[in-house]
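Shown next: query27.txt, containing compact mmCIF, C-alpha atoms.
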# COMPACT_ATOMS: atom_id res chain seq x y z
CA MET A 1 55.65 5.01 9.64
CA ALA A 2 59.10 4.77 11.21
CA LYS A 3 58.75 8.22 12.78
CA SER A 4 55.51 7.26 14.50
CA ARG A 5 57.11 4.09 15.91
CA VAL A 6 60.05 6.08 17.23
CA ALA A 7 57.70 8.65 18.75
CA ALA A 8 55.61 5.90 20.37
CA ALA A 9 58.73 4.22 21.77
CA LEU A 10 60.01 7.55 23.18
CA GLY A 11 56.60 8.28 24.71
CA GLY A 12 56.52 4.85 26.33
CA ALA A 13 60.03 5.28 27.71
CA LEU A 14 59.07 8.68 29.12
CA LEU A 15 56.03 7.21 30.88
CA LEU A 16 58.14 4.42 32.32
CA ALA A 17 60.72 6.91 33.60
CA ALA A 18 58.02 9.13 35.13
CA GLY A 19 56.49 6.13 36.89
CA ALA A 20 59.85 5.22 38.41
CA LEU A 21 60.25 8.60 40.14
CA PRO A 22 59.22 8.76 43.81
CA ALA A 23 55.92 10.48 44.46
CA GLY A 24 56.13 13.76 46.29
CA ALA A 25 53.72 14.97 48.93
CA ALA A 26 50.98 17.37 47.93
CA ASP A 27 51.77 21.00 48.58
CA PRO A 28 49.31 23.18 50.58
CA LEU A 29 47.66 24.50 47.42
CA GLU A 30 46.95 20.97 46.17
CA LYS A 31 45.60 19.90 49.55
CA ASN A 32 43.15 22.76 49.93
CA PHE A 33 42.12 23.57 46.38
CA TRP A 34 38.29 23.62 46.44
CA LEU A 35 38.10 20.87 49.04
CA GLU A 36 35.87 22.59 51.55
CA GLY A 37 33.89 19.48 52.48
CA PRO A 38 30.36 18.38 51.79
CA ARG A 39 27.64 20.96 51.41
CA TYR A 40 24.27 19.47 52.10
CA ASP A 41 21.02 21.35 51.73
CA GLY A 42 18.93 19.02 53.86
CA VAL A 43 16.06 19.33 51.38
CA LEU A 44 14.45 15.91 51.14
CA PRO A 45 11.02 14.80 49.93
CA PRO A 46 8.41 13.87 52.55
CA CYS A 47 7.84 10.26 53.55
CA GLU A 48 4.65 9.99 51.49
CA HIS A 49 6.21 11.29 48.26
CA THR A 50 4.89 9.30 45.30
CA TYR A 51 8.33 8.67 43.76
CA VAL A 52 9.69 7.28 47.04
CA LEU A 53 6.80 4.86 47.51
CA GLU A 54 6.81 3.77 43.86
CA ARG A 55 10.54 3.15 44.03
CA ILE A 56 10.18 0.96 47.13
CA GLN A 57 7.28 -0.92 45.56
CA ALA A 58 9.13 -1.58 42.27
CA ARG A 59 12.42 -2.57 43.88
CA PHE A 60 10.71 -4.84 46.40
CA GLY A 61 8.96 -6.74 43.60
CA ALA A 62 12.15 -6.96 41.54
CA LYS A 63 14.18 -8.22 44.52
CA GLU A 64 11.60 -10.87 45.39
CA TYR A 65 11.37 -12.07 41.79
CA ARG A 66 15.07 -12.03 40.90
CA PHE A 67 16.70 -13.30 44.04
CA TRP A 68 14.05 -15.26 45.93
CA ASN A 69 11.92 -16.68 43.10
CA SER A 70 8.86 -15.17 44.73
CA ASP A 71 5.85 -13.34 43.30
CA LEU A 72 5.45 -11.29 46.51
CA LYS A 73 4.62 -7.63 45.81
CA ILE A 74 3.65 -4.57 47.81
CA MET A 75 0.00 -3.80 47.13
CA GLY A 76 -0.38 -0.66 49.25
CA PHE A 77 0.95 1.58 52.02
CA GLN A 78 -0.75 2.62 55.27
CA ASP A 79 0.15 4.70 58.34
CA ILE A 80 3.09 6.49 56.69
CA ARG A 81 4.96 8.60 59.22
CA GLU A 82 8.32 10.25 59.77
CA THR A 83 10.34 8.75 62.62
CA ALA A 84 13.42 11.02 62.50
CA PHE A 85 15.03 13.78 60.45
CA ARG A 86 18.81 14.30 60.62
CA PRO A 87 19.16 12.36 63.87
CA TRP A 88 22.98 12.51 63.83
CA ALA A 89 25.63 15.23 63.69
CA ALA A 90 25.17 18.20 61.38
CA GLN A 91 28.07 17.16 59.10
CA THR A 92 26.58 13.75 58.26
CA ILE A 93 24.47 13.00 55.20
CA PRO A 94 20.94 14.34 55.76
CA ARG A 95 18.45 11.50 56.13
CA ARG A 96 14.72 11.34 56.72
CA PHE A 97 13.67 8.11 58.42
CA CYS A 98 10.14 6.88 57.87
CA SER A 99 7.94 3.95 58.81
CA ALA A 100 4.75 2.55 57.35
CA VAL A 101 2.69 -0.60 57.12
CA VAL A 102 2.56 -2.37 53.76
CA LEU A 103 0.00 -4.81 52.50
CA THR A 104 1.78 -7.53 50.54
CA SER A 105 0.24 -9.72 47.85
CA ASP A 106 -0.01 -12.66 50.27
CA GLY A 107 -2.54 -10.65 52.32
CA ILE A 108 -0.21 -9.93 55.26
CA ARG A 109 0.37 -6.48 56.70
CA ARG A 110 4.05 -5.95 57.43
CA PRO A 111 6.03 -3.07 58.97
CA LEU A 112 8.22 -1.10 56.55
CA HIS A 113 11.18 1.04 57.59
CA TYR A 114 12.90 3.28 55.06
CA SER A 115 15.16 6.29 54.76
CA ILE A 116 15.52 9.01 52.18
CA SER A 117 19.09 10.33 51.98
CA GLU A 118 20.54 13.32 50.18
CA ASP A 119 23.03 12.67 47.34
CA THR A 120 23.03 8.88 47.73
CA ALA A 121 21.46 7.88 44.41
CA MET A 122 23.50 6.80 41.40
CA ILE A 123 26.77 8.80 41.39
CA GLY A 124 25.39 11.11 44.07
CA MET A 125 23.19 13.11 41.71
CA SER A 126 19.96 12.91 43.70
CA TRP A 127 18.47 11.52 46.88
CA GLY A 128 18.37 7.78 47.40
CA VAL A 129 16.00 5.40 49.19
CA GLU A 130 16.95 2.46 51.44
CA TRP A 131 14.18 0.23 52.78
CA CYS A 132 13.38 -2.95 54.66
CA VAL A 133 10.10 -4.85 54.99
CA VAL A 134 10.02 -6.79 58.25
CA GLY A 135 9.82 -10.53 57.62
CA THR A 136 11.20 -10.37 54.07
CA ASP A 137 14.83 -9.45 54.81
CA ARG A 138 16.03 -12.88 53.73
CA ASN A 139 19.64 -11.85 53.16
CA TRP A 140 19.77 -10.21 56.63
CA ALA A 141 20.94 -6.88 55.26
CA TYR A 142 19.10 -4.98 58.02
CA ASN A 143 18.91 -7.75 60.62
CA PRO A 144 17.61 -8.24 63.28
CA GLY A 145 14.05 -7.52 62.20
CA CYS A 146 14.98 -4.49 60.07
CA THR A 147 16.29 -2.53 63.08
CA MET A 148 19.36 -1.46 61.09
CA ALA A 149 17.09 0.42 58.67
CA GLN A 150 15.93 2.65 61.53
CA PRO A 151 17.76 5.58 63.16

For the file at hand, write its structure as structure tokens.
Amino acid sequence: MAKSRVAAALGGALLLAAGALPAGAADPLEKNFWLEGPRYDGVLPPCEHTYVLERIQARFGAKEYRFWNSDLKIMGFQDIRETAFRPWAAQTIPRRFCSAVVLTSDGIRRPLHYSISEDTAMIGMSWGVEWCVVGTDRNWAYNPGCTMAQP
């Protein structure tokens, strides 16, 4: 028992002493060790991919219900089209920008703008989807009129 307390105290003192030492700069090996930059494939699903549309539909309904106390839902998609693919520099995250018209549960047809991006899902393991339905961007995340969701 006493030996373990002494060992713990010595370990703690060692950590304290190590933390008090000034940090040195990284040497060239540490700076360049397997840090070659992002490697994107640019392989993204098409705009009309079922998973993409289902994800938008589910998240739209959840957002409306949770944050805006609304029963508004997306009932269907029309006129799905790609508006841009990798519109920026080659080193940026590959994105496919799409637009469509959605029919919402209140009977109104609204423009939808969304993007599918490589490695932007949870912890960068898959592609992610960002979207905005014109007229329902109540928190102004893509204001004005969802133009920030477009290329």

Report, in Å with one decimal, the straight-line distance from CA of Thr104 (chain A) to CA of Gly128 (chain A).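 For CA of Thr104 (chain A) relative to CA of Gly128 (chain A), the distance reads 22.8 Å.
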
Between A:Thr92, A:Asn143, A:Gln57, A:Ser115, which has the minimum distance to Val129 (chain A) (counting all atoms listed in the file)?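 The closest residue to Val129 (chain A) is A:Ser115.
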
Computed gap from CA of Trp131 (chain A) to CA of Gly145 (chain A) is 12.2 Å

Excluding same-chain residues fewer than 3 positions from Tyr142 (chain A), what lies within 12 Å of it counting only C-alpha atoms, as a VMD selection string? chain A and resid 112 to 114 130 to 139 145 to 151

For C-alpha atoms, I'd like the residues from the last selection saved as a tab-separated table (two decimals), keeping the file's coordinate frame.
chain	number	residue	atom	x	y	z
A	112	LEU	CA	8.22	-1.10	56.55
A	113	HIS	CA	11.18	1.04	57.59
A	114	TYR	CA	12.90	3.28	55.06
A	130	GLU	CA	16.95	2.46	51.44
A	131	TRP	CA	14.18	0.23	52.78
A	132	CYS	CA	13.38	-2.95	54.66
A	133	VAL	CA	10.10	-4.85	54.99
A	134	VAL	CA	10.02	-6.79	58.25
A	135	GLY	CA	9.82	-10.53	57.62
A	136	THR	CA	11.20	-10.37	54.07
A	137	ASP	CA	14.83	-9.45	54.81
A	138	ARG	CA	16.03	-12.88	53.73
A	139	ASN	CA	19.64	-11.85	53.16
A	145	GLY	CA	14.05	-7.52	62.20
A	146	CYS	CA	14.98	-4.49	60.07
A	147	THR	CA	16.29	-2.53	63.08
A	148	MET	CA	19.36	-1.46	61.09
A	149	ALA	CA	17.09	0.42	58.67
A	150	GLN	CA	15.93	2.65	61.53
A	151	PRO	CA	17.76	5.58	63.16

Hey, can you check how far CA of Ser70 (chain A) sits from CA of Ser117 (chain A)?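 That distance, rounded to one decimal, is 28.4 Å.
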
Counting all atoms listed in the file, find the residues whose atoms lie at most 10 Å from (22.2, 21.4, 52.1) (file coordinates) and write them out as a ChimeraX atom specification. /A:38-44,93-94,118-119

So, with only C-alpha atoms as the atoms that count, which of A:Leu103, A:Arg96, A:Pro46, A:Leu10 lies closest to Ile116 (chain A)? A:Arg96

Judged by all atoms listed in the file, the minimum distance to Leu72 (chain A) among A:Ala84, A:Ala121, A:Ile108, A:Ala141 is found for A:Ile108

Contacts of Ala100 (chain A) at 9 Å (only C-alpha atoms; same-chain gap of 6+ positions) as a count of residues only: 11

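When only C-alpha atoms are used to compute distances to Glu64 (chain A), the closest of the residues A:Ser105, A:Phe97, A:Val52, A:Ala90 turns out to be A:Ser105.
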